[in-house]
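Undergrad: One structure coming up, written as structure tokens, with questions to follow.
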Amino acid sequence: MAVYQSFFSLRDSGDDGIRYVYRRHDPQVNKLAIMFPGQSYPVYAPLFWYISELAVLEGYDVLGLEYGFQRMHHTLESIDALVSEVGERLTAFFAEHSYRHVSLVAKSLGTVIASQLDGDWAGTDFDAIYLTPLPRAIKAMQRTPRMLVAVGDQDPLFRADDVEQIRNLASLELLLVPGADHALEISGSIPQSIQVLGDVITRCAKFLAR
């Protein structure tokens, strides 16, 4: 089975430069993984790179998102505007492509964006991997039918009381990483941070393989 890479963009976008990396199999498959990057964590950063490779090996097509403010090297001004930007593009994408199963892979800001766009894959079988989520995404997480959440117990943006809001959900697989911060790294220790990266990737591999 061959895998091809192309780019998806809006035909009438006025060439705003926003292009989603689209990796697809030939012959066609029925599973898609969508990568929602963080504010400072793009889809070519380590976690997304490895998860994308795992998804392809498991027979998923992969759509890696890029935000307009990232492309323009601007600061994020409005989450609502960003939701509209991404939603417009995903609506156009799903108008051209059909999948029976969608896996959302989102980090930090991406968890908020994904949480407000679940109508775009309504009617499909979907699950999610939430990496260092933000509290604003909790309500959507509570209605996600199946999910893996990876978060550090030293993450200042998703604290112990936030973890308690999701801990007992039947849909949840929780990877709570001791000593890890919002980057899923151990401050001051590169070897330990690399070990955490491996542990998270291993859990993601098992999740995607089911």
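Order determines the names: the first chain of the structure tokens is A, the second B, and so forth; residues in each chain are numbered 1 upward, and ligands are numbered 1 upward as they are shown.
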Contacts of segment 45-53 of chain A at 12 Å or less, counting only C-alpha atoms, minus same-chain residues fewer than 2 places along, as a count of residues only?
TA: 58
Undergrad: Write out as a list of chain:residue names all residues of segment 85-196 of chain A that DSSP puts in strand (DSSP E or B) for this structure's backbone.
TA: A:His101, A:Val102, A:Ser103, A:Leu104, A:Val105, A:Ala106, A:Lys107, A:Asp125, A:Phe126, A:Asp127, A:Ala128, A:Ile129, A:Tyr130, A:Leu131, A:Met147, A:Leu148, A:Val149, A:Ala150, A:Val151, A:Gly152, A:Leu172, A:Glu173, A:Leu174, A:Leu175, A:Leu176, A:Val177, A:Ala180, A:Ile186
Undergrad: Could those residues be written to a file, using N, CA and C atoms, as a tab-separated table (two decimals), in the first residue's frame?
TA:
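As a result, again20.tsv now contains:
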```tsv
chain	number	residue	atom	x	y	z
A	101	HIS	N	-14.14	6.39	10.25
A	101	HIS	CA	-13.60	6.61	11.60
A	101	HIS	C	-12.63	7.78	11.58
A	102	VAL	N	-12.76	8.65	12.58
A	102	VAL	CA	-11.87	9.80	12.72
A	102	VAL	C	-11.27	9.78	14.12
A	103	SER	N	-9.94	9.91	14.19
A	103	SER	CA	-9.24	10.06	15.46
A	103	SER	C	-8.68	11.47	15.54
A	104	LEU	N	-9.03	12.17	16.60
A	104	LEU	CA	-8.52	13.52	16.84
A	104	LEU	C	-7.28	13.41	17.70
A	105	VAL	N	-6.22	14.06	17.30
A	105	VAL	CA	-5.00	14.10	18.11
A	105	VAL	C	-4.69	15.57	18.35
A	106	ALA	N	-4.85	16.03	19.58
A	106	ALA	CA	-4.79	17.46	19.86
A	106	ALA	C	-3.91	17.73	21.07
A	107	LYS	N	-3.17	18.84	20.99
A	107	LYS	CA	-2.34	19.25	22.11
A	107	LYS	C	-2.67	20.67	22.53
A	125	ASP	N	-17.69	7.44	13.44
A	125	ASP	CA	-17.14	6.84	14.65
A	125	ASP	C	-15.86	7.60	14.97
A	126	PHE	N	-15.80	8.26	16.14
A	126	PHE	CA	-14.59	9.02	16.42
A	126	PHE	C	-14.12	8.80	17.85
A	127	ASP	N	-12.81	9.00	18.03
A	127	ASP	CA	-12.20	8.99	19.35
A	127	ASP	C	-11.13	10.07	19.37
A	128	ALA	N	-10.41	10.21	20.48
A	128	ALA	CA	-9.48	11.33	20.60
A	128	ALA	C	-8.31	11.01	21.49
A	129	ILE	N	-7.17	11.59	21.14
A	129	ILE	CA	-5.99	11.64	22.00
A	129	ILE	C	-5.79	13.10	22.38
A	130	TYR	N	-5.94	13.39	23.66
A	130	TYR	CA	-5.76	14.75	24.16
A	130	TYR	C	-4.43	14.83	24.91
A	131	LEU	N	-3.49	15.60	24.38
A	131	LEU	CA	-2.18	15.78	24.99
A	131	LEU	C	-2.15	17.12	25.70
A	147	MET	N	-11.27	8.04	24.66
A	147	MET	CA	-10.16	8.98	24.60
A	147	MET	C	-8.99	8.54	25.46
A	148	LEU	N	-7.81	8.97	25.04
A	148	LEU	CA	-6.58	8.86	25.81
A	148	LEU	C	-6.16	10.28	26.18
A	149	VAL	N	-5.92	10.52	27.46
A	149	VAL	CA	-5.45	11.82	27.92
A	149	VAL	C	-4.07	11.64	28.53
A	150	ALA	N	-3.10	12.40	28.02
A	150	ALA	CA	-1.75	12.38	28.58
A	150	ALA	C	-1.44	13.77	29.11
A	151	VAL	N	-1.14	13.83	30.40
A	151	VAL	CA	-0.89	15.13	31.05
A	151	VAL	C	0.09	14.92	32.19
A	152	GLY	N	0.91	15.93	32.43
A	152	GLY	CA	1.86	15.86	33.55
A	152	GLY	C	1.24	16.32	34.85
A	172	LEU	N	-12.40	7.08	29.43
A	172	LEU	CA	-11.07	7.63	29.60
A	172	LEU	C	-9.99	6.58	29.82
A	173	GLU	N	-8.88	6.76	29.09
A	173	GLU	CA	-7.60	6.15	29.44
A	173	GLU	C	-6.70	7.31	29.85
A	174	LEU	N	-6.23	7.31	31.09
A	174	LEU	CA	-5.45	8.44	31.61
A	174	LEU	C	-4.00	8.04	31.78
A	175	LEU	N	-3.11	8.84	31.19
A	175	LEU	CA	-1.68	8.72	31.43
A	175	LEU	C	-1.24	9.99	32.16
A	176	LEU	N	-1.13	9.87	33.48
A	176	LEU	CA	-0.72	11.00	34.31
A	176	LEU	C	0.77	10.83	34.59
A	177	VAL	N	1.58	11.72	34.04
A	177	VAL	CA	3.04	11.54	34.04
A	177	VAL	C	3.65	12.27	35.24
A	180	ALA	N	6.03	15.72	35.08
A	180	ALA	CA	6.04	16.34	33.76
A	180	ALA	C	5.27	17.65	33.75
A	186	ILE	N	10.34	16.70	31.66
A	186	ILE	CA	10.80	16.79	33.05
A	186	ILE	C	11.83	17.90	33.11
```
Undergrad: With segment 77-88 of chain A as the partner and 9 Å as the cut-off, tabulate the residues of segment 102-142 of chain A that qualify, each row holding the nearest pair of atoms and their distance in Å to one decimal, using only C-alpha atoms, sorted by chain and rising number, as a Markdown table.
TA:
```
| residue | atom | partner | partner_atom | distance |
| --- | --- | --- | --- | --- |
| A:Leu109 | CA | A:Ile79 | CA | 8.8 |
| A:Val112 | CA | A:Ile79 | CA | 8.5 |
| A:Ile113 | CA | A:Val83 | CA | 5.7 |
| A:Ala114 | CA | A:Val83 | CA | 8.4 |
| A:Gln116 | CA | A:Val83 | CA | 7.1 |
| A:Leu117 | CA | A:Gly87 | CA | 6.4 |
| A:Asp120 | CA | A:Gly87 | CA | 7.5 |
```
Undergrad: With only C-alpha atoms as the basis for distance, which of A:His25, A:Ala2, A:Arg146, A:Asp161 is at the shortest distance from Arg210 of chain A?
TA: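 With only C-alpha atoms as the atom set, the closest residue is A:Arg146.
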Undergrad: Could you jot down the atom CA of Pro178 of chain A to atom CA of Asp155 of chain A separation for me, Å, one decimal place?
TA: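 So the two atoms, atom CA of Pro178 of chain A and atom CA of Asp155 of chain A, lie 9.9 Å apart.
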Undergrad: Would you give me, as JSON, numbers by chain, the residues in chain A that DSSP reads as alpha helix (DSSP H)?
TA: {"A": [46, 47, 48, 49, 50, 51, 52, 53, 54, 55, 56, 57, 68, 69, 70, 71, 79, 80, 81, 82, 83, 84, 85, 86, 87, 88, 89, 90, 91, 92, 93, 94, 95, 96, 109, 110, 111, 112, 113, 114, 115, 138, 139, 140, 141, 142, 160, 161, 162, 163, 164, 165, 166, 190, 191, 192, 193, 194, 195, 196, 197, 198, 199, 200, 201, 202, 203, 204, 205, 206, 207, 208]}
Undergrad: To one decimal place, how far is atom CA of Tyr67 of chain A from atom CA of Ala137 of chain A in Å?
TA: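 Atom CA of Tyr67 of chain A sits 18.1 Å away from atom CA of Ala137 of chain A.
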Undergrad: To one decimal place, how far is atom CA of Pro135 of chain A from atom CA of Asn168 of chain A in Å?
TA: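 Here the two named atoms are 16.1 Å from each other.
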